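Quick look at my_file_24.txt (compact mmCIF, C-alpha atoms):
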```txt
# COMPACT_ATOMS: atom_id res chain seq x y z
CA GLU H 122 -2.70 16.66 -9.62
CA ALA H 123 -1.23 16.60 -6.11
CA GLU H 124 1.18 13.75 -5.40
CA VAL H 125 3.25 12.36 -2.58
CA ALA H 126 6.92 13.11 -3.22
CA GLN H 127 9.76 10.85 -2.11
CA SER H 128 13.51 11.04 -2.48
CA PRO H 129 15.79 9.50 -3.37
CA ARG H 130 14.13 7.07 -5.77
CA TYR H 131 17.02 4.63 -5.50
CA LYS H 132 19.68 4.17 -2.83
CA ILE H 133 22.56 1.70 -2.74
CA THR H 134 24.54 1.49 0.46
CA GLU H 135 26.87 -0.85 2.26
CA LYS H 136 25.84 -2.59 5.43
CA SER H 137 26.53 -0.69 8.64
CA GLN H 138 26.12 2.65 6.86
CA ALA H 139 23.37 5.15 7.64
CA VAL H 140 20.63 5.98 5.14
CA ALA H 141 17.78 8.48 5.18
CA PHE H 142 14.63 8.79 3.11
CA TRP H 143 12.44 11.86 2.71
CA CYS H 144 8.72 12.18 2.09
CA ASP H 145 6.53 15.19 1.36
CA PRO H 146 2.83 14.26 1.60
CA ILE H 147 -0.02 15.79 -0.33
CA SER H 148 -0.70 19.27 1.02
CA GLY H 149 -3.23 19.26 3.83
CA HIS H 150 -3.00 15.54 4.57
CA ALA H 151 -2.66 15.20 8.32
CA THR H 152 -1.86 11.49 8.39
CA LEU H 153 1.41 10.14 7.03
CA TYR H 154 2.55 6.54 6.83
CA TRP H 155 5.83 4.77 6.10
CA TYR H 156 5.54 1.25 4.71
CA ARG H 157 8.17 -1.31 3.73
CA GLN H 158 7.60 -3.67 0.85
CA ILE H 159 9.77 -6.74 0.38
CA LEU H 160 9.73 -8.27 -3.08
CA GLY H 161 6.84 -10.69 -3.49
CA GLN H 162 4.96 -9.35 -0.48
CA GLY H 163 2.51 -6.58 0.21
CA PRO H 164 3.55 -3.35 1.95
CA GLU H 165 3.78 -3.50 5.76
CA LEU H 166 3.36 -0.50 8.02
CA LEU H 167 6.46 0.79 9.81
CA VAL H 168 5.14 3.99 11.37
CA GLN H 169 2.05 6.23 11.27
CA PHE H 170 1.98 9.94 12.09
CA GLN H 171 -1.00 12.12 12.88
CA ASP H 172 0.30 15.64 12.32
CA GLU H 173 3.65 15.58 14.15
CA SER H 174 2.77 12.80 16.59
CA VAL H 175 3.52 9.10 16.22
CA VAL H 176 0.29 7.10 16.33
CA ASP H 177 1.64 3.62 15.63
CA ASP H 178 5.26 2.50 15.52
CA SER H 179 4.73 -1.00 16.84
CA GLN H 180 6.36 -2.58 13.77
CA LEU H 181 9.31 -0.18 13.58
CA PRO H 182 12.64 -1.82 14.52
CA LYS H 183 13.54 0.92 16.95
CA ASP H 184 17.08 -0.26 17.56
CA ARG H 185 18.03 0.88 14.06
CA PHE H 186 15.08 2.74 12.56
CA SER H 187 13.85 6.21 13.45
CA ALA H 188 11.24 8.47 11.93
CA GLU H 189 10.26 12.06 12.49
CA ARG H 190 7.76 14.60 11.22
CA LEU H 191 8.85 17.66 13.16
CA LYS H 192 6.48 20.29 11.74
CA GLY H 193 3.68 17.93 10.83
CA VAL H 194 4.38 18.23 7.12
CA ASP H 195 7.30 16.35 5.56
CA SER H 196 8.93 13.34 7.18
CA THR H 197 12.27 11.54 7.32
CA LEU H 198 12.89 7.84 7.89
CA LYS H 199 16.40 6.85 8.94
CA ILE H 200 18.16 3.51 9.21
CA GLN H 201 21.40 3.26 11.16
CA PRO H 202 23.15 0.92 10.71
CA ALA H 203 21.70 -0.64 7.57
CA GLU H 204 21.62 -4.44 7.36
CA LEU H 205 21.37 -6.74 4.34
CA GLY H 206 17.78 -7.61 5.29
CA ASP H 207 16.74 -3.97 4.99
CA SER H 208 16.86 -4.18 1.19
CA ALA H 209 13.30 -3.34 0.15
CA MET H 210 11.04 -0.64 -1.28
CA TYR H 211 10.19 2.05 1.28
CA LEU H 212 6.85 3.66 0.57
CA CYS H 213 5.36 6.82 2.00
CA ALA H 214 1.61 7.43 1.94
CA SER H 215 -0.69 10.18 3.13
CA ARG H 216 -4.39 10.36 3.90
CA PRO H 217 -6.74 13.29 4.10
CA ARG H 218 -8.76 13.76 7.24
CA TYR H 219 -12.11 11.90 7.28
CA TYR H 220 -11.19 9.67 4.34
CA ASN H 221 -9.93 6.10 4.33
CA GLU H 222 -8.02 6.13 1.06
CA GLN H 223 -4.25 6.41 1.32
CA PHE H 224 -2.18 7.86 -1.51
CA PHE H 225 1.29 6.53 -2.10
CA GLY H 226 4.47 8.09 -3.36
CA PRO H 227 6.77 6.42 -5.89
CA GLY H 228 8.89 4.81 -3.18
CA THR H 229 12.61 4.53 -2.48
CA ARG H 230 14.26 1.31 -3.58
CA LEU H 231 17.02 0.50 -1.04
CA THR H 232 19.74 -2.01 -1.80
CA VAL H 233 22.13 -2.91 1.00
CA LEU H 234 25.37 -4.59 -0.12
CA ASP V 231 -0.61 -14.54 10.80
CA GLN V 232 -1.78 -13.24 7.44
CA GLN V 233 -4.97 -11.28 7.98
CA VAL V 234 -5.42 -10.53 4.27
CA LYS V 235 -4.76 -13.24 1.72
CA GLN V 236 -4.61 -13.22 -2.05
CA ASN V 237 -4.30 -16.89 -2.89
CA SER V 238 -3.67 -16.51 -6.61
CA PRO V 239 -0.12 -15.26 -7.26
CA SER V 240 -0.92 -14.64 -10.92
CA LEU V 241 -3.77 -14.48 -13.41
CA SER V 242 -3.70 -14.41 -17.20
CA VAL V 243 -6.68 -13.08 -19.18
CA GLN V 244 -7.41 -12.36 -22.82
CA GLU V 245 -7.97 -8.75 -23.80
CA GLY V 246 -11.67 -7.85 -23.73
CA ARG V 247 -12.59 -10.58 -21.26
CA ILE V 248 -13.33 -10.24 -17.55
CA SER V 249 -10.57 -10.32 -14.94
CA ILE V 250 -11.58 -11.47 -11.46
CA LEU V 251 -9.14 -11.00 -8.61
CA ASN V 252 -9.96 -12.47 -5.22
CA CYS V 253 -9.10 -11.62 -1.66
CA ASP V 254 -9.93 -13.21 1.71
CA TYR V 255 -9.57 -11.74 5.17
CA THR V 256 -9.76 -13.07 8.70
CA ASN V 257 -10.21 -10.00 10.90
CA SER V 258 -13.94 -9.30 11.32
CA MET V 259 -13.10 -5.81 12.63
CA PHE V 260 -11.98 -4.63 9.20
CA ASP V 261 -14.51 -2.07 8.00
CA TYR V 262 -12.97 -0.67 4.84
CA PHE V 263 -11.41 -2.44 1.89
CA LEU V 264 -9.32 -1.08 -0.97
CA TRP V 265 -7.69 -2.26 -4.17
CA TYR V 266 -4.41 -0.85 -5.39
CA LYS V 267 -2.61 -1.35 -8.68
CA LYS V 268 1.17 -1.31 -8.84
CA TYR V 269 3.58 -1.12 -11.75
CA PRO V 270 7.26 -2.10 -11.27
CA ALA V 271 9.40 0.60 -9.63
CA GLU V 272 6.33 2.70 -8.79
CA GLY V 273 4.20 3.16 -5.71
CA PRO V 274 0.72 1.59 -5.44
CA THR V 275 -2.06 3.56 -7.12
CA PHE V 276 -5.49 3.62 -5.51
CA LEU V 277 -8.16 1.99 -7.69
CA ILE V 278 -11.40 1.48 -5.84
CA SER V 279 -12.68 0.95 -2.32
CA ILE V 280 -15.71 -0.31 -0.46
CA SER V 281 -17.10 0.20 3.01
CA SER V 282 -18.28 -2.79 5.03
CA ILE V 283 -21.83 -1.40 4.96
CA LYS V 284 -22.00 -2.00 1.21
CA ASP V 285 -21.72 -5.13 -0.89
CA LYS V 286 -20.83 -3.55 -4.23
CA ASN V 287 -19.07 -0.48 -5.56
CA GLU V 288 -18.58 0.34 -9.20
CA ASP V 289 -16.29 2.78 -10.98
CA GLY V 290 -16.13 2.52 -14.74
CA ARG V 291 -14.62 -0.82 -15.73
CA PHE V 292 -13.85 -1.70 -12.09
CA THR V 293 -16.32 -3.26 -9.65
CA VAL V 294 -15.58 -4.48 -6.15
CA PHE V 295 -17.84 -7.00 -4.42
CA LEU V 296 -17.82 -7.65 -0.69
CA ASN V 297 -19.22 -10.77 0.98
CA LYS V 298 -18.94 -10.10 4.70
CA SER V 299 -20.28 -13.46 5.82
CA ALA V 300 -17.59 -15.22 3.79
CA LYS V 301 -14.96 -12.56 4.57
CA HIS V 302 -14.26 -12.35 0.87
CA LEU V 303 -13.96 -9.59 -1.67
CA SER V 304 -13.28 -9.56 -5.35
CA LEU V 305 -12.31 -7.05 -8.02
CA HIS V 306 -13.86 -7.39 -11.47
CA ILE V 307 -12.33 -5.63 -14.46
CA VAL V 308 -14.51 -5.57 -17.57
CA PRO V 309 -13.35 -5.40 -20.29
CA SER V 310 -9.72 -6.12 -19.52
CA GLN V 311 -7.12 -4.11 -21.41
CA PRO V 312 -3.37 -4.70 -21.89
CA GLY V 313 -2.67 -1.57 -19.81
CA ASP V 314 -4.32 -3.30 -16.87
CA SER V 315 -1.34 -5.65 -16.62
CA ALA V 316 0.17 -4.96 -13.19
CA VAL V 317 0.25 -6.27 -9.63
CA TYR V 318 -3.03 -5.81 -7.78
CA PHE V 319 -3.06 -5.53 -4.00
CA CYS V 320 -6.06 -5.98 -1.77
CA ALA V 321 -5.92 -4.01 1.49
CA ALA V 322 -8.11 -3.67 4.56
CA SER V 323 -8.31 -1.24 7.44
CA GLU V 324 -10.04 -0.92 10.77
CA GLY V 325 -11.29 2.50 11.73
CA GLY V 326 -9.29 4.29 9.07
CA ASN V 327 -5.93 3.29 10.49
CA LYS V 328 -3.13 1.31 8.94
CA LEU V 329 -3.72 -0.71 5.80
CA VAL V 330 -3.10 -4.44 5.96
CA PHE V 331 -2.15 -5.70 2.51
CA GLY V 332 -2.32 -9.03 0.77
CA ALA V 333 0.71 -10.36 -1.08
CA GLY V 334 -0.63 -9.26 -4.45
CA THR V 335 -1.78 -10.91 -7.68
CA ILE V 336 0.07 -10.38 -10.95
CA LEU V 337 -2.45 -9.77 -13.73
CA ARG V 338 -1.39 -10.27 -17.34
CA VAL V 339 -3.80 -9.20 -20.06
CA LYS V 340 -2.89 -10.73 -23.39
CA SER V 341 -3.71 -8.94 -26.63
```

As structure tokens, what does this structure read like?
Amino acid sequence: EAEVAQSPRYKITEKSQAVAFWCDPISGHATLYWYRQILGQGPELLVQFQDESVVDDSQLPKDRFSAERLKGVDSTLKIQPAELGDSAMYLCASRPRYYNEQFFGPGTRLTVL
Amino acid sequence: DQQVKQNSPSLSVQEGRISILNCDYTNSMFDYFLWYKKYPAEGPTFLISISSIKDKNEDGRFTVFLNKSAKHLSLHIVPSQPGDSAVYFCAASEGGNKLVFGAGTILRVKS
């Protein structure tokens, strides 16, 4: 069964360092999302891609966060510099064209010390 | 401003009985609703969804009911099993775009 892949699964870093997360969506899914989930809350959208284009990045803290999907397939989310408040689960999801259901990867648990 | 609310942080149910998880929303433009199940240290897993043109959708032990006038939906699990113990998230979308999630309800099914 096709799945969304994410790496690393866990990342511990010190504040002010740079971190990067990688996501490979289900093959053929044109839409890719990055969400952040803080403990005790539901996931919140950071950025949405349609193919290689950003569709919605209104909630992305652009002073420190960046995201790209250069060839419209896999994607990278970067944080530089990391802050203590960035500790959370970072989830990637993809959606096939003409469907509403999004399929999530296992997430990357980030801890900033 | 929370557009999707799950007012019960947790629910405990006996194995074999019905579990009912509730969700309220405020944005009348939402046209698609989904339920996800999440285990610790894993990503959310899609369970069941419903379009705003329907009021019920059923898949095996899982049924979702939508009451548009009350802006309320619920997930029924019958019969509940210990493996159903997880966090359940309600989510809504408008036009197939981003999902807006509730804060989740922890379901514990006791054997």

Query raised in the report: What residues in chain H lie within 7 Å of chain V, counting all atoms listed in the file, written as a VMD selection string?
Result: chain H and resid 161 to 166 212 221 224 to 228

Report task. Take atom CA of H:Val125 and atom CA of H:Gly193 and report the distance between them in Å, one decimal. Result ->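 Between these atoms lies a distance of 14.5 Å.
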
**Report entry** Residue nearest H:Val194 among H:Leu231, H:Ile147, H:Ile159, H:Ala139 (counting all atoms listed in the file)
**Finding:** H:Ile147

Report summary line: Of V:Asn287, V:Asn257, V:Gln232, V:Ser240, the one sitting nearest V:His302 when using all atoms listed in the file is V:Asn257

Requested in this report: Report the distance between atom CA of V:Ile250 and atom CA of H:Leu160 in Å, rounded to one decimal place.
Outcome: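 It comes out at 23.1 Å.
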
Query - Point-to-point distance from atom CA of V:Arg291 to atom CA of V:Ile307, Å rounded to tenths - result: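 Calculated distance between atom CA of V:Arg291 and atom CA of V:Ile307 is 5.5 Å.
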
Per residue of stretch 200-231 of chain H within 12 Å of stretch 172-177 of chain H, record the nearest atom pair and its distance in Å to one decimal, counting only C-alpha atoms, with rows in chain order and ascending residue number, as a Markdown table.
```
| residue | atom | partner | partner_atom | distance |
| --- | --- | --- | --- | --- |
| H:Ser215 | CA | H:Asp172 | CA | 10.7 |
| H:Arg216 | CA | H:Asp172 | CA | 11.0 |
| H:Pro217 | CA | H:Asp172 | CA | 11.1 |
| H:Arg218 | CA | H:Asp172 | CA | 10.6 |
```
